[in-house]
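Structure file protein-v8.cif with mmCIF, C-alpha atoms:
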```
data_start
loop_
_atom_site.label_atom_id
_atom_site.label_comp_id
_atom_site.auth_asym_id
_atom_site.auth_seq_id
_atom_site.Cartn_x
_atom_site.Cartn_y
_atom_site.Cartn_z
CA MET A 1 -116.99 -195.84 39.65
CA GLU A 2 -116.50 -199.18 41.25
CA LEU A 3 -117.81 -202.05 39.25
CA VAL A 4 -118.40 -204.48 42.08
CA ARG A 5 -119.60 -203.81 45.63
CA PHE A 6 -117.71 -205.67 48.32
CA SER A 7 -118.43 -206.40 51.97
CA LEU A 8 -116.20 -204.74 54.57
CA GLY A 9 -114.32 -208.00 55.19
CA ALA A 10 -113.57 -208.47 51.51
CA ARG A 11 -112.34 -204.88 51.24
CA LEU A 12 -110.07 -205.38 54.23
CA LEU A 13 -108.65 -208.56 52.72
CA ARG A 14 -108.00 -206.76 49.43
CA ALA A 15 -106.29 -203.87 51.20
CA VAL A 16 -104.03 -206.22 53.16
CA GLY A 17 -103.12 -208.16 50.02
CA VAL A 18 -102.27 -205.04 48.06
CA ALA A 19 -100.28 -203.65 50.99
CA LEU A 20 -98.23 -206.85 51.26
CA MET A 21 -97.53 -206.72 47.54
CA LEU A 22 -96.51 -203.08 47.85
CA ALA A 23 -93.99 -204.06 50.51
CA PHE A 24 -92.68 -206.85 48.28
CA ALA A 25 -92.37 -204.43 45.36
CA VAL A 26 -90.55 -201.54 47.04
CA LEU A 27 -88.73 -202.94 50.10
CA PRO A 28 -85.77 -204.41 48.17
CA LEU A 29 -85.13 -201.05 46.52
CA LEU A 30 -85.52 -199.15 49.77
CA TRP A 31 -83.03 -201.54 51.38
CA VAL A 32 -80.44 -200.85 48.69
CA ILE A 33 -80.96 -197.12 49.10
CA SER A 34 -80.76 -197.37 52.88
CA ILE A 35 -77.46 -199.29 52.68
CA ALA A 36 -76.08 -196.85 50.13
CA LEU A 37 -76.89 -193.82 52.24
CA ARG A 38 -75.65 -195.02 55.64
CA PRO A 39 -72.10 -194.57 56.91
CA GLY A 40 -69.82 -197.61 56.51
CA SER A 41 -69.73 -198.17 60.27
CA GLN A 42 -73.46 -199.01 60.17
CA ALA A 43 -73.30 -201.35 57.17
CA ILE A 44 -71.84 -204.28 59.13
CA TYR A 45 -73.31 -207.16 61.14
CA PRO A 46 -75.46 -206.82 63.24
CA ILE A 47 -77.27 -204.35 61.04
CA SER A 48 -80.20 -202.18 62.08
CA ILE A 49 -83.14 -201.92 59.72
CA LEU A 50 -83.16 -198.14 59.83
CA PRO A 51 -79.84 -196.22 59.83
CA THR A 52 -79.41 -193.66 62.62
CA SER A 53 -77.62 -191.19 60.37
CA LEU A 54 -77.49 -190.56 56.64
CA THR A 55 -74.53 -189.61 54.46
CA LEU A 56 -73.71 -189.12 50.79
CA ASP A 57 -70.07 -190.22 51.35
CA ASN A 58 -70.58 -193.58 49.60
CA VAL A 59 -72.12 -192.05 46.50
CA TRP A 60 -69.44 -189.36 46.37
CA GLY A 61 -66.69 -191.91 46.95
CA VAL A 62 -67.88 -194.15 44.13
CA LEU A 63 -68.01 -191.25 41.70
CA PHE A 64 -65.01 -189.10 42.66
CA GLY A 65 -63.06 -190.88 45.43
CA PRO A 66 -59.50 -192.20 45.01
CA THR A 67 -60.78 -195.67 43.96
CA GLY A 68 -63.93 -194.28 42.36
CA ILE A 69 -65.17 -195.17 38.89
CA GLY A 70 -65.82 -191.56 37.88
CA LEU A 71 -68.40 -190.58 35.29
CA GLY A 72 -66.93 -192.74 32.51
CA PRO A 73 -69.29 -195.74 32.91
CA TYR A 74 -72.31 -193.43 32.83
CA ARG A 75 -71.01 -191.79 29.67
CA ASN A 76 -70.51 -195.24 28.11
CA ALA A 77 -74.01 -196.38 29.12
CA ALA A 78 -75.55 -193.24 27.63
CA PHE A 79 -73.51 -193.65 24.44
CA TYR A 80 -74.43 -197.33 23.97
CA GLY A 81 -78.07 -196.75 24.86
CA LEU A 82 -78.54 -193.73 22.60
CA SER A 83 -76.67 -195.22 19.64
CA SER A 84 -78.59 -198.48 19.62
CA ALA A 85 -81.85 -196.59 20.23
CA VAL A 86 -81.22 -194.40 17.16
CA ILE A 87 -80.40 -197.40 14.96
CA THR A 88 -83.44 -199.28 16.27
CA ALA A 89 -85.76 -196.32 15.77
CA VAL A 90 -84.61 -195.70 12.20
CA ALA A 91 -84.74 -199.37 11.19
CA SER A 92 -88.10 -200.00 12.88
CA THR A 93 -89.69 -196.90 11.37
CA LEU A 94 -88.56 -197.82 7.86
CA GLY A 95 -89.61 -201.45 8.25
CA GLY A 96 -92.88 -200.68 9.99
CA TYR A 97 -93.80 -198.13 7.31
CA ALA A 98 -93.01 -200.58 4.52
CA LEU A 99 -95.07 -203.37 6.10
CA ALA A 100 -98.02 -201.15 7.01
CA ARG A 101 -98.23 -198.94 3.92
CA TYR A 102 -97.59 -201.47 1.16
CA ASN A 103 -99.67 -204.56 0.71
CA MET A 104 -96.82 -206.99 0.14
CA ARG A 105 -97.34 -210.67 -0.38
CA ALA A 106 -94.25 -211.46 1.68
CA GLY A 107 -95.23 -208.88 4.31
CA GLU A 108 -97.01 -211.14 6.73
CA GLY A 109 -94.31 -213.78 6.49
CA ILE A 110 -91.63 -211.23 7.32
CA LEU A 111 -93.67 -209.98 10.26
CA VAL A 112 -94.14 -213.47 11.65
CA VAL A 113 -90.42 -214.24 11.31
CA ILE A 114 -89.50 -210.96 13.05
CA LEU A 115 -91.96 -211.69 15.86
CA ALA A 116 -90.83 -215.27 16.35
CA LEU A 117 -87.15 -214.36 16.30
CA SER A 118 -87.45 -211.45 18.67
CA PHE A 119 -89.38 -213.69 21.01
CA LEU A 120 -86.25 -215.79 21.57
CA PRO A 121 -84.78 -214.08 24.60
CA SER A 122 -81.23 -212.86 24.92
CA ALA A 123 -79.66 -215.84 26.70
CA SER A 124 -79.73 -218.00 23.59
CA ARG A 125 -77.99 -215.20 21.70
CA ILE A 126 -74.98 -214.94 24.01
CA VAL A 127 -73.06 -217.83 22.46
CA PRO A 128 -73.98 -217.10 18.82
CA LEU A 129 -73.01 -213.44 19.16
CA PHE A 130 -69.82 -214.40 20.95
CA ILE A 131 -68.87 -216.70 18.06
CA LEU A 132 -69.80 -214.10 15.44
CA PHE A 133 -67.96 -211.27 17.18
CA SER A 134 -64.85 -213.37 17.86
CA ALA A 135 -64.73 -214.41 14.21
CA SER A 136 -65.28 -210.90 12.86
CA GLY A 137 -63.05 -208.96 15.26
CA LEU A 138 -65.97 -207.05 16.81
CA TYR A 139 -65.40 -208.73 20.18
CA GLY A 140 -64.65 -206.21 22.92
CA THR A 141 -65.49 -203.16 20.79
CA SER A 142 -68.20 -200.60 21.45
CA GLN A 143 -69.57 -201.10 17.91
CA GLY A 144 -70.20 -204.74 18.82
CA VAL A 145 -72.17 -203.82 21.93
CA ILE A 146 -74.28 -201.26 20.09
CA LEU A 147 -75.06 -203.58 17.18
CA ALA A 148 -75.94 -206.45 19.49
CA TYR A 149 -78.53 -204.27 21.23
CA ALA A 150 -79.79 -202.76 17.98
CA GLY A 151 -80.30 -206.26 16.58
CA ARG A 152 -82.28 -207.20 19.66
CA HIS A 153 -84.66 -204.30 19.94
CA ARG A 154 -85.94 -203.90 16.46
CA SER A 155 -88.93 -206.01 17.29
CA ALA A 156 -91.48 -203.22 17.62
CA SER A 157 -91.68 -202.65 13.88
CA GLY A 158 -95.10 -204.31 13.62
CA MET B 159 -93.24 -198.96 -16.74
CA ALA B 160 -90.06 -197.98 -14.95
CA HIS B 161 -92.17 -195.99 -12.56
CA ARG B 162 -94.26 -198.99 -11.64
CA ALA B 163 -91.20 -201.17 -11.13
CA LEU B 164 -89.78 -198.53 -8.83
CA SER B 165 -92.96 -198.31 -6.78
CA ARG B 166 -92.98 -202.07 -6.43
CA ALA B 167 -89.41 -202.00 -5.20
CA THR B 168 -90.06 -199.24 -2.66
CA PRO B 169 -91.14 -201.43 0.28
CA TRP B 170 -88.11 -203.66 -0.25
CA LEU B 171 -85.80 -200.62 -0.30
CA LEU B 172 -87.34 -199.51 2.99
CA LEU B 173 -86.89 -202.98 4.41
CA ILE B 174 -83.18 -203.24 3.54
CA LEU B 175 -81.90 -201.81 6.82
CA PRO B 176 -84.21 -203.71 9.22
CA LEU B 177 -83.75 -206.97 7.34
CA LEU B 178 -79.98 -206.50 7.26
CA LEU B 179 -79.92 -206.04 11.04
CA LEU B 180 -82.21 -209.02 11.44
CA PHE B 181 -79.99 -211.17 9.25
CA LEU B 182 -76.63 -210.12 10.68
CA PHE B 183 -77.42 -210.13 14.39
CA LEU B 184 -80.22 -212.66 14.78
CA LEU B 185 -80.26 -215.15 11.91
CA LEU B 186 -76.56 -215.38 11.11
CA PRO B 187 -75.47 -215.97 14.72
CA TYR B 188 -77.99 -218.78 15.06
CA LEU B 189 -76.92 -220.34 11.75
CA LEU B 190 -73.31 -220.20 12.93
CA THR B 191 -74.32 -221.89 16.17
CA PHE B 192 -75.96 -224.76 14.34
CA TYR B 193 -72.81 -225.14 12.29
CA TYR B 194 -70.44 -224.98 15.27
CA SER B 195 -72.51 -227.45 17.29
CA THR B 196 -71.22 -230.21 15.00
CA THR B 197 -67.58 -229.11 15.12
CA GLY B 198 -64.74 -229.34 17.59
CA ALA B 199 -64.31 -225.54 17.64
CA THR B 200 -62.68 -223.85 20.63
CA ILE B 201 -62.24 -220.17 21.46
CA GLY B 202 -58.70 -220.26 20.15
CA ARG B 203 -59.68 -222.10 16.99
CA LEU B 204 -62.80 -220.84 15.22
CA LEU B 205 -61.55 -221.35 11.65
CA ASN B 206 -60.53 -224.58 9.89
CA VAL B 207 -62.50 -226.54 12.49
CA GLN B 208 -62.87 -230.30 12.55
CA GLN B 209 -66.25 -231.92 11.90
CA VAL B 210 -67.23 -234.19 14.79
CA GLY B 211 -70.83 -235.03 13.92
CA LEU B 212 -73.12 -235.32 16.95
CA LYS B 213 -70.28 -235.92 19.41
CA ASN B 214 -70.87 -232.56 21.16
CA PHE B 215 -74.48 -233.46 21.88
CA GLN B 216 -73.35 -236.82 23.19
CA ALA B 217 -70.75 -235.18 25.43
CA VAL B 218 -73.25 -232.63 26.75
CA LEU B 219 -75.98 -235.18 27.43
CA SER B 220 -73.64 -237.58 29.21
CA SER B 221 -71.60 -235.00 31.12
CA HIS B 222 -70.89 -235.34 34.83
CA ALA B 223 -70.44 -232.65 37.47
CA PRO B 224 -72.94 -231.25 36.73
CA SER B 225 -74.94 -233.92 34.91
CA PHE B 226 -77.17 -232.57 32.15
CA LEU B 227 -80.16 -234.09 33.87
CA SER B 228 -79.54 -232.08 37.04
CA VAL B 229 -79.08 -228.90 34.98
CA VAL B 230 -82.38 -229.57 33.20
CA GLY B 231 -84.02 -230.33 36.55
CA ILE B 232 -82.82 -227.06 38.07
CA THR B 233 -83.94 -225.18 34.96
CA ALA B 234 -87.37 -226.83 35.18
CA VAL B 235 -87.81 -225.98 38.88
CA PHE B 236 -86.61 -222.41 38.35
CA THR B 237 -88.80 -221.89 35.27
CA THR B 238 -91.91 -223.44 36.83
CA GLY B 239 -91.46 -221.40 40.00
CA THR B 240 -91.04 -218.21 38.01
CA LEU B 241 -94.02 -218.99 35.79
CA VAL B 242 -96.42 -219.90 38.60
CA GLY B 243 -95.22 -217.11 40.90
CA SER B 244 -95.35 -214.27 38.41
CA MET B 245 -98.64 -215.42 36.88
CA ALA B 246 -100.29 -215.73 40.30
CA LEU B 247 -98.98 -212.41 41.64
CA GLY B 248 -99.50 -210.52 38.37
CA THR B 249 -103.02 -211.81 37.76
CA GLY B 250 -104.11 -211.56 41.39
CA LEU B 251 -102.85 -208.01 41.58
CA ALA B 252 -104.49 -207.08 38.27
CA LEU B 253 -107.83 -208.47 39.52
CA ALA B 254 -107.50 -206.58 42.82
CA LEU B 255 -106.62 -203.33 41.06
CA HIS B 256 -109.48 -203.88 38.59
CA THR B 257 -111.93 -203.39 41.45
CA VAL B 258 -110.57 -200.06 42.78
CA SER B 259 -111.22 -196.59 41.37
CA ALA B 260 -109.35 -195.56 38.21
CA GLY B 261 -107.25 -192.89 39.93
CA LEU B 262 -106.00 -195.17 42.68
CA ARG B 263 -105.44 -197.93 40.13
CA SER B 264 -103.07 -195.91 37.94
CA ALA B 265 -101.14 -194.64 40.97
CA LEU B 266 -100.69 -198.19 42.30
CA LEU B 267 -99.82 -199.53 38.83
CA ALA B 268 -97.01 -196.98 38.56
CA VAL B 269 -95.48 -198.25 41.81
CA PHE B 270 -96.00 -201.93 41.03
CA LEU B 271 -94.31 -201.60 37.66
CA ILE B 272 -91.06 -200.20 39.10
CA PRO B 273 -89.30 -203.61 39.31
CA TRP B 274 -90.24 -204.34 35.70
CA VAL B 275 -88.25 -201.38 34.33
CA ILE B 276 -85.03 -202.21 36.21
CA ALA B 277 -82.26 -204.05 34.36
CA ALA B 278 -81.87 -207.72 35.33
CA VAL B 279 -78.25 -207.30 36.48
CA ILE B 280 -79.26 -204.55 38.91
CA ILE B 281 -82.13 -206.72 40.15
CA GLY B 282 -79.63 -209.52 40.72
CA TYR B 283 -77.32 -207.38 42.83
CA THR B 284 -80.28 -205.84 44.68
CA TRP B 285 -81.49 -209.27 45.78
CA ARG B 286 -77.97 -210.42 46.56
CA LEU B 287 -77.89 -207.61 49.07
CA ILE B 288 -81.26 -208.71 50.47
CA TYR B 289 -79.96 -212.27 50.98
CA ASP B 290 -76.54 -211.24 52.29
CA PRO B 291 -75.92 -213.28 55.47
CA ALA B 292 -74.46 -210.32 57.41
CA ILE B 293 -76.15 -207.17 56.14
CA GLY B 294 -79.16 -208.55 54.27
CA LEU B 295 -82.76 -207.50 54.85
CA ALA B 296 -83.93 -211.14 54.91
CA ASN B 297 -81.83 -212.05 57.95
CA SER B 298 -82.31 -208.80 59.84
CA ALA B 299 -86.08 -209.01 59.37
CA LEU B 300 -86.10 -212.59 60.73
CA GLU B 301 -83.80 -211.81 63.64
CA PRO B 302 -86.51 -210.47 66.01
CA PHE B 303 -88.24 -213.87 65.68
CA GLY B 304 -85.15 -215.63 66.96
CA VAL B 305 -83.98 -217.00 63.60
CA ALA B 306 -80.20 -217.36 63.40
CA PRO B 307 -78.54 -215.83 60.30
CA VAL B 308 -79.11 -217.98 57.20
CA ALA B 309 -76.64 -218.23 54.31
CA TRP B 310 -79.41 -218.10 51.70
CA LEU B 311 -77.35 -218.44 48.55
CA THR B 312 -74.97 -221.22 49.58
CA GLU B 313 -77.51 -224.02 50.11
CA GLN B 314 -79.14 -225.49 47.01
CA ALA B 315 -82.79 -225.47 48.08
CA SER B 316 -82.75 -222.00 49.62
CA ALA B 317 -80.63 -220.63 46.77
CA ILE B 318 -83.08 -221.82 44.10
CA ALA B 319 -86.01 -220.48 46.15
CA ALA B 320 -84.17 -217.16 46.50
CA LEU B 321 -83.55 -217.02 42.74
CA VAL B 322 -87.21 -217.78 42.01
CA ILE B 323 -88.39 -215.02 44.37
CA ALA B 324 -86.01 -212.53 42.77
CA ASN B 325 -87.11 -213.54 39.28
CA VAL B 326 -90.78 -213.33 40.22
CA TRP B 327 -90.04 -209.83 41.49
CA ALA B 328 -88.50 -209.05 38.11
CA GLY B 329 -91.26 -210.67 36.06
CA TYR B 330 -94.68 -210.17 37.66
CA GLY B 331 -94.84 -206.62 36.23
CA ILE B 332 -95.27 -207.67 32.61
CA VAL B 333 -98.05 -210.09 33.58
CA LEU B 334 -99.74 -207.35 35.61
CA LEU B 335 -99.50 -204.93 32.69
CA VAL B 336 -100.81 -207.36 30.07
CA VAL B 337 -103.63 -208.77 32.23
CA SER B 338 -104.67 -205.27 33.38
CA GLY B 339 -104.96 -204.23 29.75
CA ALA B 340 -107.11 -207.26 28.99
CA LEU B 341 -109.31 -206.65 32.04
CA ALA B 342 -109.97 -203.10 30.89
CA ASN B 343 -111.38 -204.54 27.65
CA VAL B 344 -113.83 -206.89 29.36
CA PRO B 345 -117.27 -205.35 28.74
CA PRO B 346 -118.74 -204.22 32.10
CA ASN B 347 -122.13 -205.48 30.90
CA ILE B 348 -121.26 -209.14 31.24
CA ILE B 349 -119.94 -208.59 34.76
CA LEU B 350 -123.11 -206.69 35.71
CA ALA B 351 -125.20 -209.45 34.13
CA GLY B 352 -123.44 -211.95 36.33
CA GLN B 353 -124.23 -209.84 39.38
CA VAL B 354 -127.87 -209.53 38.40
CA ASP B 355 -127.98 -213.31 38.21
CA GLY B 356 -126.77 -213.37 41.79
CA ALA B 357 -123.29 -214.82 41.24
CA SER B 358 -120.66 -214.16 43.90
CA TYR B 359 -117.59 -212.18 42.93
CA ARG B 360 -115.43 -215.30 43.11
CA ARG B 361 -117.78 -217.01 40.69
CA ILE B 362 -117.81 -214.02 38.34
CA VAL B 363 -114.01 -214.06 38.22
CA ARG B 364 -113.90 -217.75 37.48
CA ARG B 365 -116.79 -218.03 35.06
CA VAL B 366 -116.90 -214.62 33.35
CA ILE B 367 -113.69 -212.61 33.67
CA LEU B 368 -111.03 -215.28 33.29
CA PRO B 369 -112.65 -216.90 30.22
CA ALA B 370 -112.95 -213.44 28.64
CA ILE B 371 -109.21 -212.76 28.97
CA ARG B 372 -108.10 -216.31 28.16
CA PRO B 373 -105.99 -215.57 25.03
CA THR B 374 -104.11 -212.76 26.76
CA PHE B 375 -103.65 -214.89 29.83
CA LEU B 376 -102.11 -217.68 27.72
CA LEU B 377 -99.82 -215.20 26.02
CA ALA B 378 -98.62 -213.78 29.32
CA GLY B 379 -97.98 -217.32 30.52
CA LEU B 380 -95.97 -218.16 27.45
CA VAL B 381 -93.87 -214.99 27.78
CA ALA B 382 -93.20 -215.78 31.44
CA LEU B 383 -92.31 -219.38 30.53
CA VAL B 384 -89.77 -218.49 27.86
CA SER B 385 -88.21 -215.69 29.87
CA GLY B 386 -87.86 -218.06 32.84
CA LEU B 387 -86.25 -220.65 30.60
CA ASN B 388 -83.75 -218.16 29.24
CA THR B 389 -82.92 -216.20 32.41
CA PHE B 390 -79.21 -215.62 32.43
CA ASP B 391 -78.13 -212.23 33.80
CA LEU B 392 -80.13 -212.44 37.04
CA ILE B 393 -78.74 -215.86 38.02
CA TYR B 394 -75.26 -214.88 36.89
CA ALA B 395 -75.34 -211.78 39.07
CA MET B 396 -76.70 -213.63 42.11
CA THR B 397 -74.94 -217.02 42.24
CA ARG B 398 -72.97 -217.57 38.97
CA GLY B 399 -74.62 -221.01 38.96
CA GLY B 400 -72.85 -221.91 42.18
CA PRO B 401 -72.16 -223.18 44.72
CA LEU B 402 -70.69 -226.09 42.75
CA TYR B 403 -73.16 -225.85 39.82
CA GLN B 404 -76.08 -226.28 42.23
CA THR B 405 -78.02 -223.41 40.68
CA GLU B 406 -76.73 -223.84 37.15
CA THR B 407 -79.48 -223.66 34.53
CA VAL B 408 -79.22 -224.47 30.83
CA ALA B 409 -78.63 -220.81 30.01
CA LEU B 410 -75.67 -220.65 32.41
CA GLU B 411 -74.21 -223.94 31.26
CA MET B 412 -74.23 -222.64 27.71
CA TYR B 413 -72.21 -219.62 28.78
CA ARG B 414 -69.84 -221.58 31.03
CA LEU B 415 -68.97 -224.12 28.35
CA THR B 416 -68.33 -221.46 25.70
CA ALA B 417 -66.78 -218.50 27.44
CA GLN B 418 -65.19 -220.09 30.51
CA LYS B 419 -64.19 -223.55 29.28
CA GLY B 420 -63.64 -222.28 25.76
CA ASN B 421 -65.44 -225.27 24.27
CA VAL B 422 -67.42 -223.48 21.55
CA GLY B 423 -68.66 -226.75 20.03
CA GLN B 424 -70.30 -228.03 23.22
CA GLY B 425 -71.61 -224.58 24.14
CA ALA B 426 -73.19 -224.35 20.70
CA ALA B 427 -74.76 -227.80 21.18
CA VAL B 428 -76.43 -226.64 24.42
CA THR B 429 -77.55 -223.46 22.63
CA VAL B 430 -79.14 -225.53 19.86
CA ILE B 431 -81.06 -227.54 22.46
CA LEU B 432 -82.29 -224.42 24.28
CA PHE B 433 -83.00 -222.71 20.95
CA THR B 434 -85.13 -225.60 19.75
CA VAL B 435 -87.26 -225.59 22.90
CA SER B 436 -87.63 -221.79 22.78
CA LEU B 437 -88.49 -221.88 19.09
CA ALA B 438 -91.24 -224.43 19.68
CA LEU B 439 -92.68 -222.10 22.32
CA ALA B 440 -92.22 -219.09 20.01
CA VAL B 441 -94.22 -220.86 17.29
CA ALA B 442 -96.98 -221.51 19.81
CA TYR B 443 -96.80 -217.80 20.68
CA VAL B 444 -97.22 -216.71 17.06
CA ILE B 445 -100.14 -219.10 16.54
CA ILE B 446 -101.96 -217.77 19.62
CA TRP B 447 -101.11 -214.19 18.68
CA ARG B 448 -102.54 -214.60 15.18
CA ARG B 449 -105.66 -216.33 16.41
CA GLU B 450 -106.26 -213.46 18.81
CA ALA B 451 -105.53 -210.84 16.13
CA ARG B 452 -108.08 -212.49 13.84
CA LYS B 453 -110.65 -212.32 16.60
CA TRP B 454 -110.27 -208.56 16.88
CA ASN B 455 -110.58 -207.94 13.12
#
```
For the structure just supplied, provide its representation as structure tokens.
Amino acid sequence: MELVRFSLGARLLRAVGVALMLAFAVLPLLWVISIALRPGSQAIYPISILPTSLTLDNVWGVLFGPTGIGLGPYRNAAFYGLSSAVITAVASTLGGYALARYNMRAGEGILVVILALSFLPSASRIVPLFILFSASGLYGTSQGVILAYAGRHRSASG
Amino acid sequence: MAHRALSRATPWLLLILPLLLLFLFLLLPYLLTFYYSTTGATIGRLLNVQQVGLKNFQAVLSSHAPSFLSVVGITAVFTTGTLVGSMALGTGLALALHTVSAGLRSALLAVFLIPWVIAAVIIGYTWRLIYDPAIGLANSALEPFGVAPVAWLTEQASAIAALVIANVWAGYGIVLLVVSGALANVPPNIILAGQVDGASYRRIVRRVILPAIRPTFLLAGLVALVSGLNTFDLIYAMTRGGPLYQTETVALEMYRLTAQKGNVGQGAAVTVILFTVSLALAVAYVIIWRREARKWN
């Protein structure tokens, strides 16, 4: 059910606005896909908006070509993502249960501190983590990456 | 007796792991930063460092090429642009979608939230491709109108505008999501009452709907503000702060001083400045959040 009745002009205006926003939302991604799927000879200046032929050569070349990156980076990404997700899930479940189930005097304070700290976005953590990891020898290791992400994402424990 | 002591200790036992993570990877790094901001530490020398008092802050505030003032100015323009852009687009879109049928709304929401789930680095490279002078969408879309190819990211004004647009693209989704949720909780009765009283839709939005979602709206604004202030990966992927520091924000300066110049002390001083501003905003966030939570109870 529609809550408000609009005149035809207002509906048209709304449709145009939403359509423009749709273009803004998806065109950048479509452009990347269209560049990725066209042969190299068509990805040079002057470039046509729509490619005349499609190919998977670029994707194949990146994965398995002579200068390709292979599947290693994807394996790493999955490993880092899953590991930090598991640590986050375990820590958040334990903490969330403790804060919700037990009526602790310090509970609300802890919650507020967790909220405030996790509200500080990642840029201001780059330098601190760099210092900490350099000093502790975690710099450049996969454990360091995983722990940095696990430390970041345990904010949902409320 | 022992049993009771144990049951009192239980929540703390459960909290050991989360609090340990919190301490090691959030609190401790920040404490270290405050310490290092008053030392002459460099990348090669993190131990046995020399105390230099507030010299780092002095050096940062009086630096040339780029001057701290210009870095702050660029950060302010970038943050304001991001804030205004993503709030306007997110809220406008949420209001427009609020008036269509539920089925269409959820389908459109799914599409509009795509940018929000993409990692900032990927967004950065996506938009770099859009602004590419030779094979970018921006230039090839303008070409039919007789516009000669523009080098978007090498001129300060157009580069900052390009960064703002990319960051709005990355950030309007969270505003849309939060405001849509709040709109769904506005009782239809008060909107209908407004209509019965003969108010136009524009007036209903301004006098009924927006006041009803005010706390959420403020929260969304604060989130957009802090994330604009701390944007690092998107700018790093698109311009690296260049050309010649012309798009360097505080977040990038912090990284450049520490990791590229190796001056941990000065980098830490910039971090302390950014941290203090973010913390003030975070405190405002918690206060608003608690006030809103109390309202619902």
Practice item. Just say which residues the PyMOL selection byres ((chain B) within 7 of (chain A)) picks in this file, as a PyMOL selection string. Key: chain B and resi 169+172-173+175-176+179-180+183-184+187-188+190-191+204+254+257-259+270+273+284-285+288+292-293+295+298+385+388-390+409+413+416+426+429+432-433+436-437+440-441+444
Exercise for review: Provide the atom CA of B:Val275 to atom CA of A:Pro39 distance in Å, to one decimal place.
Suggested key: 28.6 Å
Any idea what's packed within 12 Å of B:Thr312, counting all atoms listed in the file, ignoring anything in its chain fewer than 6 positions away? Could you give it as a PDB file with C-alpha atoms, in the frame of the given file?
```pdb
ATOM      1  CA  ARG B 286     -77.970-210.420  46.560  1.00  0.00           C
ATOM      2  CA  TYR B 289     -79.960-212.270  50.980  1.00  0.00           C
ATOM      3  CA  ASP B 290     -76.540-211.240  52.290  1.00  0.00           C
ATOM      4  CA  PRO B 291     -75.920-213.280  55.470  1.00  0.00           C
ATOM      5  CA  ILE B 318     -83.080-221.820  44.100  1.00  0.00           C
ATOM      6  CA  ALA B 319     -86.010-220.480  46.150  1.00  0.00           C
ATOM      7  CA  ALA B 320     -84.170-217.160  46.500  1.00  0.00           C
ATOM      8  CA  LEU B 321     -83.550-217.020  42.740  1.00  0.00           C
ATOM      9  CA  MET B 396     -76.700-213.630  42.110  1.00  0.00           C
ATOM     10  CA  THR B 397     -74.940-217.020  42.240  1.00  0.00           C
ATOM     11  CA  ARG B 398     -72.970-217.570  38.970  1.00  0.00           C
ATOM     12  CA  GLY B 399     -74.620-221.010  38.960  1.00  0.00           C
ATOM     13  CA  GLY B 400     -72.850-221.910  42.180  1.00  0.00           C
ATOM     14  CA  PRO B 401     -72.160-223.180  44.720  1.00  0.00           C
ATOM     15  CA  LEU B 402     -70.690-226.090  42.750  1.00  0.00           C
ATOM     16  CA  TYR B 403     -73.160-225.850  39.820  1.00  0.00           C
ATOM     17  CA  GLN B 404     -76.080-226.280  42.230  1.00  0.00           C
ATOM     18  CA  THR B 405     -78.020-223.410  40.680  1.00  0.00           C
TER      19      THR B 405
END
```
Hey, could you pull the box centre and edge lengths for stretch 279-298 of chain B, axis-aligned, 4 Å padding per side, all listed atoms, to one decimal in Å, as AutoDock Vina command-line options?
```
--center_x -79.2 --center_y -208.9 --center_z 48.2 --size_x 17.5 --size_y 16.7 --size_z 31.4
```
Expected selection from the PyMOL selection byres ((chain A and resi 53) around 12), given as a CSV table (one decimal) with C-alpha atoms, keeping the file's coordinate frame:
```csv
chain,number,residue,atom,x,y,z
A,34,SER,CA,-80.8,-197.4,52.9
A,35,ILE,CA,-77.5,-199.3,52.7
A,36,ALA,CA,-76.1,-196.8,50.1
A,37,LEU,CA,-76.9,-193.8,52.2
A,38,ARG,CA,-75.6,-195.0,55.6
A,39,PRO,CA,-72.1,-194.6,56.9
A,40,GLY,CA,-69.8,-197.6,56.5
A,41,SER,CA,-69.7,-198.2,60.3
A,42,GLN,CA,-73.5,-199.0,60.2
A,43,ALA,CA,-73.3,-201.4,57.2
A,48,SER,CA,-80.2,-202.2,62.1
A,50,LEU,CA,-83.2,-198.1,59.8
A,51,PRO,CA,-79.8,-196.2,59.8
A,52,THR,CA,-79.4,-193.7,62.6
A,54,LEU,CA,-77.5,-190.6,56.6
A,55,THR,CA,-74.5,-189.6,54.5
A,56,LEU,CA,-73.7,-189.1,50.8
A,57,ASP,CA,-70.1,-190.2,51.4
```
Check your understanding: Which residues come within 8 Å of B:Leu335, counting only C-alpha atoms, excluding same-chain residues fewer than 2 positions away, as a list of chain:residue names?
Key ->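 What passes the distance filter is B:Gly248, B:Ala252, B:Leu271, B:Gly331, B:Ile332, B:Val333, B:Val337, B:Ser338, B:Gly339.
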Review point. Could you state the separation of atom CA of B:Phe181 and atom CA of B:Thr168 in Å, given to one decimal place?
Key: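 Taking atom CA of B:Phe181 as the start and atom CA of B:Thr168 as the end point, the length is 19.6 Å.
A straight line drawn from atom CA of B:Leu227 to atom CA of B:Gly386 is 17.8 Å long.
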Review point. So which residues touch A:Gly68 within 10 Å, counting all atoms listed in the file, skipping near sequence neighbours fewer than 6 positions away, as number ranges by chain?
Key: A: 58-62
